[in-house]
2 protein chains.
Amino acid sequence: MTQFSEALKGSITGEMEDVAGEEGITPEELVRAIARGRAVIPFNPIHSPKPMGIGERLSVKVNANIGSSMDMVDIDREVEKARVAKRYGAHTIMDLSTGGDINTIRRRILKEIDLPLGTVPVYQAGIEAIDRYGSVVDMGSDDIFNYIRLHAKDGVDFMTVHCGITKEAVERLKRTKRVCRVVSRGGSFLIAWMLHNGEENPLYSEFDYLLEMAGEFDVTLSLGDGLRPGAIADASDGPQIEELITLGELVRRARVAGVQSIVEGPGHLPMDQIEANVLMEKRLCDGAPFYVLGPIVTDVAPGYDHIVGAIGGALAAYSGADFLCYVTPSEHLALPTAEDVEEGVIASRIAAHAADLAKGRRQAVERNAEISRYRKALDWEGQIRLAIDPEKIRSFRKERSLRDDVCSMCGEYCAMKIVRDYFKK
Amino acid sequence: MTQFSEALKGSITGEMEDVAGEEGITPEELVRAIARGRAVIPFNPIHSPKPMGIGERLSVKVNANIGSSMDMVDIDREVEKARVAKRYGAHTIMDLSTGGDINTIRRRILKEIDLPLGTVPVYQAGIEAIDRYGSVVDMGSDDIFNYIRLHAKDGVDFMTVHCGITKEAVERLKRTKRVCRVVSRGGSFLIAWMLHNGEENPLYSEFDYLLEMAGEFDVTLSLGDGLRPGAIADASDGPQIEELITLGELVRRARVAGVQSIVEGPGHLPMDQIEANVLMEKRLCDGAPFYVLGPIVTDVAPGYDHIVGAIGGALAAYSGADFLCYVTPSEHLALPTAEDVEEGVIASRIAAHAADLAKGRRQAVERNAEISRYRKALDWEGQIRLAIDPEKIRSFRKERSLRDDVCSMCGEYCAMKIVRDYFKK
């Protein structure tokens, strides 16, 4: 039983009821969207997180990546980052740990955080091969599936699986001039493995086996984009779009198998290519929810990629992307700190909200109009209650000793105050 | 003699040569754009700043507002903010001081900062009336023009003048339901004055007199939007668009008088209305450079309005806006600090660059591709040289003791490194 197979029968699960209630739509609307593969609820019953939906008719969601690296291993720190991400409103967490005791990090987050958790099992398979044999190319294809099963059994709700990197796509990649050939970490593991061993990507050739496992645990497959552009100059090229076509075929196979799936997208895209990329995903993947990484709309702002990602994310979400992977100020520089996680989550939530608002989503429009009314009334408590980051406003007001009756920007010369009296006459 | 009147004669000034060189276009292209009113060089010879152009064929520019308020008067602090704005790449400064010795603040900035300076003389006229008579409605219309002349004689390069607030527009405003009636400070002064005195806006009724003065000093008029929306719910309504129609008529009159002019725009706009607003400005104002304040695409993120403004600014600039007024994290909360100025300038510069890049502007495309090549080569010095904020990268790398051969995000598991060897075979 998966959310998808239940939806196909027209049966409304408890999770669908919760999600529909939260989103202000009817369970019937949601069940139809799920049955058509246009929406998913990443919900592994072993983990049983707070139900949350992604896709058609639903508000735009935000994912926060956390996880150790080889150089920085501190389990408490990663759990704390997951907690910070939740506090600032991330809808899902992905644990991308590649250092230390990866199993323990994942299990602690699953235990302590009730948001849907995603992972990339091929990281762990690849790292084990490097540790054990000295190279990722000596990874066994069984290792990949074993880690997928392990993560699923632990309760992981969704997984990035780079199933669309085919031998043909890698051949095309060889023929294609790119500034940054491969920037996907999981993608690089698989491509190195394929080139060395001369074999097809196991996640592609044994996709049916993957579907069986995903179906067993109702793991939502996040079909990864291992060939995504890693520089604006490489955006929307042959290898990227060929992979997307393949992912579209796999989405259809997943649906036949009763497995929920979403599709990952770039990455680095200039503003003028974002709408086209969303449209292509929606067409080629038959409306599957689109999960974009940023997108990053310029490469010149390391240290500020949360802002760069917010621009791209807002535009992508307004164009129809359903799920935004946050970007932190550390992107392209370092592993994020807890503070970076906070900045990243908030920037992406702003992007998501701006898009929901522009699409006329009722909840967003109402909340936005309400905070404006509080602003007019100089009602700070009202504004704080509805703001994306209430703490921030409080600390601004406290640290700068601001008055209640005006804001210190204009002080007595508040436009709203000045005209108030004259319009009463 | 103004840049505009010279352009009409087809004569290329030294400032035009400088600007064309900086922008990588020919002086002939620039002189044609200026002669058609599609581009301006705000350059008061008394101040004689580093020449900088705004408009057609030119890269998108960023303005930083600084200035004291009644509650916060510290001349050194404001000069320091102007210095910070310049350091982080603002192209112009506007001094919006409303507290303390306003003349001295303005004159010090004019003396110490070689960027074009803008002001809003009606602030000073209004504040003097409040100080002297207790109310802005007792301001004399002469006072406004006297301050305009004073600022021009001091060397101010461009001025916001709210000439489009007509009696008719105010009547329409009365009939219109808005969440926030008036949020423009200068607008509120004039509207209160008009309602109390029952008279037409002097900046409209005596526009020819204004043009004379502007022509004398080659002050660029920034036609202000006193009726701009101050809440997303109010965007693109009757009063806003009526004011824009009027400004379009005034742009044409300014051109006849040989005066350079640009048009100010919102303010608060949801993402779906940005392109239409830019298009309307370009049509109604015959292609005059468009100077947008943000725009702010959601009201729910006080404390992060630099990010909100970057989303709106990027989209506006991509749609054709020429000049972005930055927004700081303090917007809607408090007078910005120097740190806020830095954050605001960088966010707006990211937006401007993302738009230039998406529009295929050669300089932006080349710079962006170059930094990507440095990223691939793990050449940190190259990246630092081309980054929007080089200091930021240096401090990241220093504080977090990052290695040179990889970035700490992926460490040894760097996708670019892993695949490198396999593609060589």
# chains A, B, ... in the order shown; residues from 1 in each chain; ligands from 1
>>> interface_residues(of="chain B", to="chain A", cutoff="6 Å", atoms="only C-alpha atoms", output="NGL selection string")
:B and (180 or 182-185 or 188 or 192 or 231 or 233 or 270-272 or 297-301 or 307 or 311 or 333-335 or 354 or 358 or 368-369 or 372 or 376 or 387-388 or 407-409 or 415-416 or 419)
>>> residues_around(residues="Phe323 in chain A", least_positions_apart="3", cutoff="9 Å", atoms="only C-alpha atoms", output="list in words")
Ile54, Gly55, Ser59, Val60, Lys61, Val62, Asn63, Pro289, Phe290, Tyr291, Val292, Leu293, Gly313, Ala317 and Ala352 of chain A
>>> write_last_selection(atoms="N, CA, C and O atoms", output="PDB file, in the first residue's frame")
ATOM      1  N   ILE A  54       3.444  17.729  -1.770  1.00  0.00           N
ATOM      2  CA  ILE A  54       4.193  18.524  -2.755  1.00  0.00           C
ATOM      3  C   ILE A  54       3.523  18.346  -4.115  1.00  0.00           C
ATOM      4  O   ILE A  54       3.320  17.213  -4.550  1.00  0.00           O
ATOM      5  N   GLY A  55       3.207  19.434  -4.779  1.00  0.00           N
ATOM      6  CA  GLY A  55       2.734  19.321  -6.160  1.00  0.00           C
ATOM      7  C   GLY A  55       1.505  20.153  -6.453  1.00  0.00           C
ATOM      8  O   GLY A  55       1.240  21.167  -5.780  1.00  0.00           O
ATOM      9  N   SER A  59       0.690  24.391  -1.821  1.00  0.00           N
ATOM     10  CA  SER A  59       1.623  25.516  -1.730  1.00  0.00           C
ATOM     11  C   SER A  59       3.040  25.027  -2.018  1.00  0.00           C
ATOM     12  O   SER A  59       3.339  23.833  -1.908  1.00  0.00           O
ATOM     13  N   VAL A  60       3.889  25.953  -2.408  1.00  0.00           N
ATOM     14  CA  VAL A  60       5.273  25.619  -2.755  1.00  0.00           C
ATOM     15  C   VAL A  60       6.026  25.229  -1.482  1.00  0.00           C
ATOM     16  O   VAL A  60       5.897  25.893  -0.453  1.00  0.00           O
ATOM     17  N   LYS A  61       6.801  24.164  -1.568  1.00  0.00           N
ATOM     18  CA  LYS A  61       7.514  23.673  -0.390  1.00  0.00           C
ATOM     19  C   LYS A  61       9.020  23.919  -0.492  1.00  0.00           C
ATOM     20  O   LYS A  61       9.547  24.118  -1.596  1.00  0.00           O
ATOM     21  N   VAL A  62       9.652  23.879   0.690  1.00  0.00           N
ATOM     22  CA  VAL A  62      11.084  24.188   0.792  1.00  0.00           C
ATOM     23  C   VAL A  62      11.819  23.047   1.488  1.00  0.00           C
ATOM     24  O   VAL A  62      11.401  22.603   2.560  1.00  0.00           O
ATOM     25  N   ASN A  63      12.894  22.603   0.886  1.00  0.00           N
ATOM     26  CA  ASN A  63      13.752  21.583   1.499  1.00  0.00           C
ATOM     27  C   ASN A  63      15.059  22.209   1.971  1.00  0.00           C
ATOM     28  O   ASN A  63      15.636  23.055   1.294  1.00  0.00           O
ATOM     29  N   PRO A 289       5.654  16.435  -9.988  1.00  0.00           N
ATOM     30  CA  PRO A 289       6.156  17.568  -9.195  1.00  0.00           C
ATOM     31  C   PRO A 289       7.629  17.845  -9.513  1.00  0.00           C
ATOM     32  O   PRO A 289       8.413  16.911  -9.678  1.00  0.00           O
ATOM     33  N   PHE A 290       7.962  19.120  -9.610  1.00  0.00           N
ATOM     34  CA  PHE A 290       9.315  19.528 -10.018  1.00  0.00           C
ATOM     35  C   PHE A 290      10.036  20.107  -8.801  1.00  0.00           C
ATOM     36  O   PHE A 290       9.545  21.033  -8.155  1.00  0.00           O
ATOM     37  N   TYR A 291      11.190  19.541  -8.551  1.00  0.00           N
ATOM     38  CA  TYR A 291      12.002  19.868  -7.367  1.00  0.00           C
ATOM     39  C   TYR A 291      13.278  20.530  -7.872  1.00  0.00           C
ATOM     40  O   TYR A 291      14.148  19.855  -8.412  1.00  0.00           O
ATOM     41  N   VAL A 292      13.383  21.840  -7.726  1.00  0.00           N
ATOM     42  CA  VAL A 292      14.542  22.541  -8.289  1.00  0.00           C
ATOM     43  C   VAL A 292      15.578  22.876  -7.224  1.00  0.00           C
ATOM     44  O   VAL A 292      15.244  23.154  -6.071  1.00  0.00           O
ATOM     45  N   LEU A 293      16.809  22.848  -7.627  1.00  0.00           N
ATOM     46  CA  LEU A 293      17.929  23.120  -6.730  1.00  0.00           C
ATOM     47  C   LEU A 293      18.337  24.567  -6.956  1.00  0.00           C
ATOM     48  O   LEU A 293      19.167  24.891  -7.777  1.00  0.00           O
ATOM     49  N   GLY A 313      14.508  30.669  -7.351  1.00  0.00           N
ATOM     50  CA  GLY A 313      13.439  29.847  -6.792  1.00  0.00           C
ATOM     51  C   GLY A 313      12.080  30.520  -6.948  1.00  0.00           C
ATOM     52  O   GLY A 313      11.084  29.869  -7.278  1.00  0.00           O
ATOM     53  N   ALA A 317       9.227  28.795  -9.087  1.00  0.00           N
ATOM     54  CA  ALA A 317       7.964  28.441  -8.433  1.00  0.00           C
ATOM     55  C   ALA A 317       6.798  29.184  -9.089  1.00  0.00           C
ATOM     56  O   ALA A 317       5.727  28.619  -9.284  1.00  0.00           O
ATOM     57  N   ALA A 352       9.160  31.032  -2.036  1.00  0.00           N
ATOM     58  CA  ALA A 352       7.966  30.187  -2.159  1.00  0.00           C
ATOM     59  C   ALA A 352       6.704  31.013  -1.926  1.00  0.00           C
ATOM     60  O   ALA A 352       5.723  30.913  -2.678  1.00  0.00           O
TER      61      ALA A 352
END
>>> select_by_dssp(residues="range 210-319 of chain B", states="strand (DSSP E)", output="PyMOL selection string")
chain B and resi 220-223+261-265+290-293
>>> closest_residue(among="B:Arg132, B:Arg106, B:Arg57, B:Arg255", to="Leu30 in chain B", atoms="only C-alpha atoms")
B:Arg57
>>> select_by_dssp(residues="range 310-412 of chain A", states="alpha helix (DSSP H)", output="PyMOL selection string")
chain A and resi 310-319+338-358+362-376+380-386+390-399
>>> closest_residue(among="A:Pro121, A:Pro49, A:Pro239, A:Gly134", to="Asp157 in chain A", atoms="only C-alpha atoms")
A:Pro49
>>> residues_around(residues="Met1 in chain A", least_positions_apart="3", cutoff="9 Å", atoms="only C-alpha atoms", output="number ranges by chain")
A: 4-6, 215-218, 258
>>> atom_distance(atom1="CA of Val79 in chain B", atom2="CA of Val156 in chain B")
15.3 Å
